[in-house]
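J.: start_34.cif (mmCIF, C-alpha atoms and all ligand atoms) pasted underneath:
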```cif
data_input
loop_
_atom_site.label_atom_id
_atom_site.label_comp_id
_atom_site.auth_asym_id
_atom_site.auth_seq_id
_atom_site.Cartn_x
_atom_site.Cartn_y
_atom_site.Cartn_z
CA MET A 252 -48.35 -122.43 33.71
CA ASP A 253 -48.44 -120.62 37.05
CA VAL A 254 -46.47 -122.04 39.94
CA GLU A 255 -49.48 -123.24 42.00
CA THR A 256 -50.96 -125.07 39.03
CA ALA A 257 -47.59 -126.66 38.34
CA ILE A 258 -47.29 -127.82 41.97
CA ARG A 259 -50.82 -129.25 42.03
CA THR A 260 -50.82 -130.95 38.64
CA ARG A 261 -47.31 -132.46 38.41
CA ARG A 262 -47.55 -136.26 38.64
CA THR A 263 -45.13 -139.17 38.74
CA HIS A 264 -45.19 -140.81 35.32
CA LYS A 265 -44.01 -144.33 34.65
CA ALA A 266 -44.81 -144.51 30.92
CA TYR A 267 -43.02 -142.38 28.32
CA GLU A 268 -42.68 -141.87 24.60
CA PRO A 269 -39.29 -143.20 23.40
CA ASP A 270 -37.77 -139.96 22.10
CA PRO A 271 -35.21 -138.36 24.46
CA VAL A 272 -35.65 -134.84 25.78
CA PRO A 273 -33.55 -132.52 23.55
CA ARG A 274 -30.25 -131.53 25.11
CA GLU A 275 -31.13 -127.81 25.10
CA VAL A 276 -34.29 -128.55 27.09
CA VAL A 277 -32.32 -130.66 29.57
CA GLU A 278 -29.92 -127.74 29.91
CA GLU A 279 -32.79 -125.33 30.54
CA LEU A 280 -34.19 -127.62 33.23
CA LEU A 281 -30.86 -128.09 34.97
CA GLU A 282 -30.32 -124.32 34.90
CA LEU A 283 -33.42 -124.03 37.10
CA ALA A 284 -31.66 -126.11 39.76
CA ARG A 285 -29.16 -123.34 40.53
CA TRP A 286 -31.97 -121.15 41.88
CA ALA A 287 -32.88 -123.59 44.63
CA PRO A 288 -32.65 -122.28 48.21
CA ASN A 289 -29.28 -123.26 49.63
CA HIS A 290 -27.76 -122.32 53.01
CA HIS A 291 -24.28 -120.76 52.57
CA LEU A 292 -24.72 -121.18 48.80
CA THR A 293 -22.65 -124.35 48.83
CA GLN A 294 -24.31 -125.37 45.54
CA PRO A 295 -23.95 -129.03 46.44
CA TRP A 296 -26.06 -130.49 43.60
CA ARG A 297 -24.56 -132.50 40.77
CA PHE A 298 -26.50 -133.79 37.79
CA ARG A 299 -25.26 -136.47 35.39
CA VAL A 300 -27.28 -137.01 32.25
CA ILE A 301 -26.99 -140.68 31.41
CA GLY A 302 -25.83 -141.62 27.91
CA PRO A 303 -26.26 -145.02 26.23
CA GLU A 304 -22.86 -146.40 27.34
CA THR A 305 -23.43 -145.38 30.94
CA LEU A 306 -26.91 -146.87 30.88
CA LYS A 307 -25.41 -150.20 29.82
CA HIS A 308 -23.00 -150.09 32.76
CA LEU A 309 -25.80 -149.18 35.15
CA VAL A 310 -28.00 -152.01 33.87
CA ALA A 311 -25.06 -154.42 34.27
CA ALA A 312 -24.64 -153.26 37.88
CA GLY A 313 -28.29 -153.92 38.67
CA LYS A 314 -30.36 -156.98 39.34
CA GLU A 315 -32.44 -158.91 36.84
CA GLY A 316 -35.26 -156.75 35.50
CA GLU A 317 -33.23 -153.56 35.93
CA GLU A 318 -33.05 -152.98 32.19
CA GLN A 319 -36.80 -152.90 31.85
CA LYS A 320 -37.18 -150.48 34.75
CA LEU A 321 -34.31 -148.23 33.68
CA GLY A 322 -35.63 -148.24 30.13
CA ARG A 323 -38.97 -146.73 31.04
CA ALA A 324 -37.95 -143.13 30.39
CA PRO A 325 -35.82 -141.95 27.45
CA THR A 326 -33.88 -139.41 29.53
CA LEU A 327 -32.36 -140.22 32.90
CA ILE A 328 -30.44 -137.85 35.14
CA VAL A 329 -28.61 -138.81 38.33
CA ALA A 330 -28.94 -136.14 41.01
CA SER A 331 -26.53 -136.13 43.93
CA ALA A 332 -25.37 -133.84 46.71
CA ARG A 333 -21.71 -133.17 47.49
CA GLN A 334 -21.01 -133.82 51.16
CA SER A 335 -18.41 -132.04 53.29
CA GLY A 336 -18.29 -134.35 56.30
CA ASP A 337 -20.02 -131.85 58.58
CA ALA A 338 -23.28 -133.56 59.58
CA HIS A 339 -25.36 -130.38 59.80
CA GLN A 340 -24.09 -128.99 56.50
CA ASP A 341 -24.51 -132.35 54.81
CA ALA A 342 -28.15 -132.63 55.85
CA GLU A 343 -28.79 -129.11 54.58
CA ASP A 344 -27.03 -129.87 51.33
CA VAL A 345 -29.19 -132.92 50.69
CA GLN A 346 -32.26 -130.81 51.48
CA ALA A 347 -31.11 -128.09 49.05
CA THR A 348 -30.52 -130.72 46.39
CA CYS A 349 -34.05 -132.04 46.90
CA CYS A 350 -35.30 -128.50 46.26
CA ALA A 351 -33.18 -128.37 43.11
CA VAL A 352 -34.60 -131.69 41.90
CA TYR A 353 -38.12 -130.45 42.52
CA ALA A 354 -37.36 -127.32 40.47
CA VAL A 355 -36.34 -129.60 37.60
CA LEU A 356 -39.54 -131.65 37.91
CA LEU A 357 -41.73 -128.56 37.98
CA GLY A 358 -39.89 -127.02 35.05
CA ALA A 359 -40.36 -130.23 33.09
CA HIS A 360 -44.04 -130.31 33.92
CA ALA A 361 -44.47 -126.66 32.87
CA ARG A 362 -43.01 -127.65 29.49
CA GLY A 363 -45.47 -130.52 29.06
CA LEU A 364 -42.90 -133.17 29.94
CA ALA A 365 -43.46 -136.12 32.23
CA SER A 366 -41.13 -136.88 35.13
CA TYR A 367 -40.46 -139.39 37.86
CA TRP A 368 -38.13 -139.09 40.89
CA ARG A 369 -36.89 -142.59 41.54
CA THR A 370 -34.40 -143.92 44.07
CA PRO A 371 -33.47 -147.32 42.66
CA LYS A 372 -31.46 -149.67 44.86
CA VAL A 373 -28.81 -150.06 42.17
CA LEU A 374 -27.66 -146.48 42.77
CA GLN A 375 -27.13 -147.29 46.42
CA THR A 376 -24.66 -150.05 45.56
CA LEU A 377 -20.93 -149.57 44.93
CA ALA A 378 -21.26 -151.03 41.43
CA GLY A 379 -24.19 -148.78 40.53
CA ARG A 380 -22.48 -145.70 41.92
CA ALA A 381 -19.31 -146.54 39.97
CA ALA A 382 -21.33 -147.04 36.78
CA VAL A 383 -22.45 -143.39 36.85
CA GLY A 384 -19.24 -141.98 38.33
CA LEU A 385 -20.55 -140.97 41.76
CA GLU A 386 -17.63 -139.94 43.96
CA ASP A 387 -17.25 -141.07 47.57
CA ASP A 388 -18.27 -137.62 48.82
CA GLU A 389 -21.58 -137.59 46.95
CA GLN A 390 -24.93 -138.60 48.41
CA PHE A 391 -27.22 -140.06 45.78
CA VAL A 392 -30.53 -138.14 45.82
CA GLY A 393 -32.54 -139.33 42.87
CA LEU A 394 -32.68 -140.71 39.38
CA ILE A 395 -34.78 -138.19 37.48
CA HIS A 396 -36.79 -139.69 34.64
CA LEU A 397 -37.89 -137.32 31.89
CA GLY A 398 -39.70 -137.66 28.60
CA ARG A 399 -42.92 -137.07 26.80
CA PRO A 400 -45.86 -138.55 28.70
CA VAL A 401 -47.92 -141.56 27.75
CA GLY A 402 -51.23 -141.28 29.59
CA ASP A 403 -52.20 -139.03 32.42
CA PRO A 404 -51.81 -140.55 35.90
CA ALA A 405 -54.54 -139.65 38.38
CA PRO A 406 -53.44 -137.94 41.60
CA LYS A 407 -53.19 -140.21 44.63
CA PRO A 408 -55.35 -139.24 47.61
CA ARG A 409 -53.67 -136.88 50.06
CA GLU A 410 -54.69 -135.68 53.46
CA PRO A 411 -55.98 -132.12 53.69
CA ALA A 412 -53.70 -129.35 54.92
CA GLU A 413 -55.51 -129.23 58.30
CA ALA A 414 -54.18 -132.74 59.01
CA TYR A 415 -50.57 -131.58 59.04
CA THR A 416 -50.84 -127.91 59.97
CA GLU A 417 -50.82 -126.36 63.40
CA PHE A 418 -50.97 -122.66 64.25
CA LEU A 419 -49.11 -122.33 67.53
CA ALA A 420 -49.93 -119.78 70.22
C1 LIG A 501 -37.12 -138.87 47.48
C2 LIG A 501 -38.12 -139.56 46.61
C3 LIG A 501 -37.85 -140.84 46.16
C4 LIG A 501 -38.79 -141.52 45.36
N1 LIG A 501 -38.48 -142.79 44.94
C5 LIG A 501 -39.41 -143.48 44.27
C6 LIG A 501 -39.14 -144.81 43.86
O1 LIG A 501 -38.02 -145.31 44.02
N2 LIG A 501 -40.11 -145.51 43.25
C7 LIG A 501 -41.35 -144.95 43.01
O2 LIG A 501 -42.20 -145.63 42.46
N3 LIG A 501 -41.62 -143.67 43.33
C8 LIG A 501 -40.68 -142.92 43.94
N4 LIG A 501 -40.93 -141.62 44.26
C9 LIG A 501 -42.16 -140.95 43.75
C10 LIG A 501 -43.31 -141.05 44.72
O3 LIG A 501 -43.71 -142.39 44.82
C11 LIG A 501 -44.44 -140.15 44.23
O4 LIG A 501 -44.02 -138.81 44.27
C12 LIG A 501 -45.71 -140.34 45.08
O5 LIG A 501 -46.28 -141.59 44.81
C13 LIG A 501 -46.75 -139.26 44.84
O6 LIG A 501 -47.13 -139.25 43.49
P1 LIG A 501 -47.01 -137.92 42.58
O7 LIG A 501 -45.55 -137.63 42.40
O8 LIG A 501 -47.70 -138.29 41.29
O9 LIG A 501 -47.71 -136.83 43.30
C14 LIG A 501 -40.02 -140.90 45.02
C15 LIG A 501 -40.27 -139.58 45.46
C16 LIG A 501 -39.33 -138.91 46.23
C17 LIG A 501 -39.60 -137.50 46.67
#
```
How does this structure look as C-alpha cells?
T.:
Amino acid sequence: MDVETAIRTRRTHKAYEPDPVPREVVEELLELARWAPNHHLTQPWRFRVIGPETLKHLVAAGKEGEEQKLGRAPTLIVASARQSGDAHQDAEDVQATCCAVYAVLLGAHARGLASYWRTPKVLQTLAGRAAVGLEDDEQFVGLIHLGRPVGDPAPKPREPAEAYTEFLA
C-alpha cells in the first residue's frame, strides 16, 4: 500500500476479531515508531504492550463499563512521552510521540489490521497510570488498539484542504 493510500484509507475501528496481533507483528509496528521525526533525537516515546494481568489492573482502576470498552480490541498498547521538565522540549516530545503513534497506525493499516487511538480517562488517573506502570515523568499520549477488523467504518466528512490552507504573500 502506498503512503497516500494508507493515509486516506486508515480508519478508527471499534470492532475487532478476538485474536491478538502476533508479537512479531507488534514488534514490527513498534519498530516503525523509531523513524518518527524528533527534534534533538530525544526518542521520548515509550510503548507498553498490555498483557492479561495488566489489563485486569487497568480495568480495576477504571469506572463501571471500563471492561467492556477496554475489551474491544485484542491488543492494546500504551503510548507515552518521556518529559524532561523543559516546557518547549516537552511539547516537542509529545508531538514527536504523536508522529510515532501515527506511524504505528499506518503500519497496522498497511498490514490489513484495524486500529484505534483512544485516550481513555482511566489512563489520566493515578490508579490507571499505576496499573500500566507509567512513571511520573511520562505524559500519556494514547492507548493504541490493534486487531483484525470487523466491518469497514465509513470515513467521516472532512473539510476540504482549501478550508485550512493559506498561501501567504
Ligand atoms: C489524540 C487522539 C485521541 C483520540 N481519542 C479518542 C477517544 O478517546 N475516543 C474516540 O472515540 N476516538 C478517539 N480518537 C479517534 C478520533 O475520534 C478519530 O480519529 C476521528 O473520529 C476521525 O476518524 P478516523 O480516525 O476514522 O479518520 C482520538 C484521536 C486522536 C488523534
J.: Could you give me, as a list in words, every polymer residue with an atom at most 8 Å away from an atom of ligand LIG 501 (chain A), counting all atoms listed in the file?
T.: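 Listing the residues within 8 Å of ligand LIG 501 (chain A) gives Arg261, Arg262, Thr263, His264, Cys349, Tyr367, Trp368, Arg369, Thr370, Pro371, Lys372, Val392, Gly393, Pro404, Ala405, Pro406 and Lys407 of chain A.
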J.: Find the residues near A:Thr348: any atom within 8 Å, counting only C-alpha atoms, skip ones fewer than 6 places away on the same chain, and give them as a ChimeraX atom specification.
T.: /A:287,295-296,330-332,392
J.: Taking (-31.3, -123.3, 51.7) in the file's own coordinates, collect the residues within 12 Å, counting only C-alpha atoms, and hand them back as a ChimeraX atom specification.
T.: /A:285-295,340-351
J.: Could you give me the centre and size, in Å to one decimal, of an axis-aligned box around all listed atoms of stretch 331-347 of chain A with 6 Å added on every side, as JSON?
T.:
```
{"center_x": -25.3, "center_y": -132.1, "center_z": 51.9, "size_x": 26.0, "size_y": 20.0, "size_z": 27.9}
```
J.: Out of A:Asp337, A:Glu413, A:Glu282, A:Glu389, which residue has the shortest atom-to-atom distance to A:Val352 when counting all atoms listed in the file?
T.: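 When distances to A:Val352 are compared using all atoms listed in the file, the smallest one comes from A:Glu282.
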J.: Would you kindly return, as an mmCIF file with C-alpha atoms, keeping the file's coordinate frame, each protein, DNA or RNA residue with an atom no farther than 12 Å from any atom of A:Ile258, considering all atoms listed in the file and excluding same-chain residues fewer than 6 positions away?
T.:
```cif
data_model
loop_
_atom_site.group_PDB
_atom_site.id
_atom_site.type_symbol
_atom_site.label_atom_id
_atom_site.label_comp_id
_atom_site.auth_asym_id
_atom_site.auth_seq_id
_atom_site.Cartn_x
_atom_site.Cartn_y
_atom_site.Cartn_z
ATOM 1 C CA MET A 252 -48.350 -122.430 33.710
ATOM 2 C CA TYR A 353 -38.120 -130.450 42.520
ATOM 3 C CA ALA A 354 -37.360 -127.320 40.470
ATOM 4 C CA VAL A 355 -36.340 -129.600 37.600
ATOM 5 C CA LEU A 356 -39.540 -131.650 37.910
ATOM 6 C CA LEU A 357 -41.730 -128.560 37.980
ATOM 7 C CA GLY A 358 -39.890 -127.020 35.050
ATOM 8 C CA ALA A 359 -40.360 -130.230 33.090
ATOM 9 C CA HIS A 360 -44.040 -130.310 33.920
ATOM 10 C CA ALA A 361 -44.470 -126.660 32.870
ATOM 11 C CA PRO A 406 -53.440 -137.940 41.600
#
```
J.: What separation in Å, quoted to one decimal, exists between atom CA of A:Phe298 and atom CA of A:Leu281?
T.: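 Atom CA of A:Leu281 lies 7.7 Å from atom CA of A:Phe298.
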J.: I need the residue nearest A:Leu309 from this list: A:Gly322, A:Gly363, A:Pro400, A:Pro411. Use only C-alpha atoms for the distance.
T.: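 For A:Leu309, the nearest of the given residues is A:Gly322.
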J.: Quick one: residues within 9 Å of A:Leu321, only C-alpha atoms counted, chain neighbours fewer than 4 positions away excluded, as number ranges by chain?
T.: A: 306, 309-310, 316-317, 325, 327, 396
J.: Mind giving me the straight-line distance from atom CA of A:Ile301 to atom CA of A:Ala338 in Å, one decimal?
T.: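 Result for atom CA of A:Ile301 versus atom CA of A:Ala338: 29.3 Å, one decimal.
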J.: Between A:Arg299, A:Arg380, A:His339, A:Lys265, which one has atoms that come closest to A:Arg323, using only C-alpha atoms?
T.: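 Checking each of A:Arg299, A:Arg380, A:His339, A:Lys265 against A:Arg323, counting only C-alpha atoms, the winner is A:Lys265.
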J.: Each residue of stretch 288-404 of chain A lying at most 8 Å from stretch 271-279 of chain A should get a row with its shortest atom-to-atom pair and the distance in Å to one decimal, counting all atoms listed in the file; could you produce that, ordered by chain and increasing number, as a Markdown table?
T.:
```
| residue | atom | partner | partner_atom | distance |
| --- | --- | --- | --- | --- |
| A:Pro325 | CA | A:Pro271 | CA | 4.7 |
| A:Thr326 | CA | A:Pro271 | CA | 5.3 |
| A:Leu397 | CA | A:Val272 | CA | 7.0 |
| A:Gly398 | CA | A:Val272 | CA | 5.7 |
| A:Arg399 | CA | A:Val272 | CA | 7.7 |
```
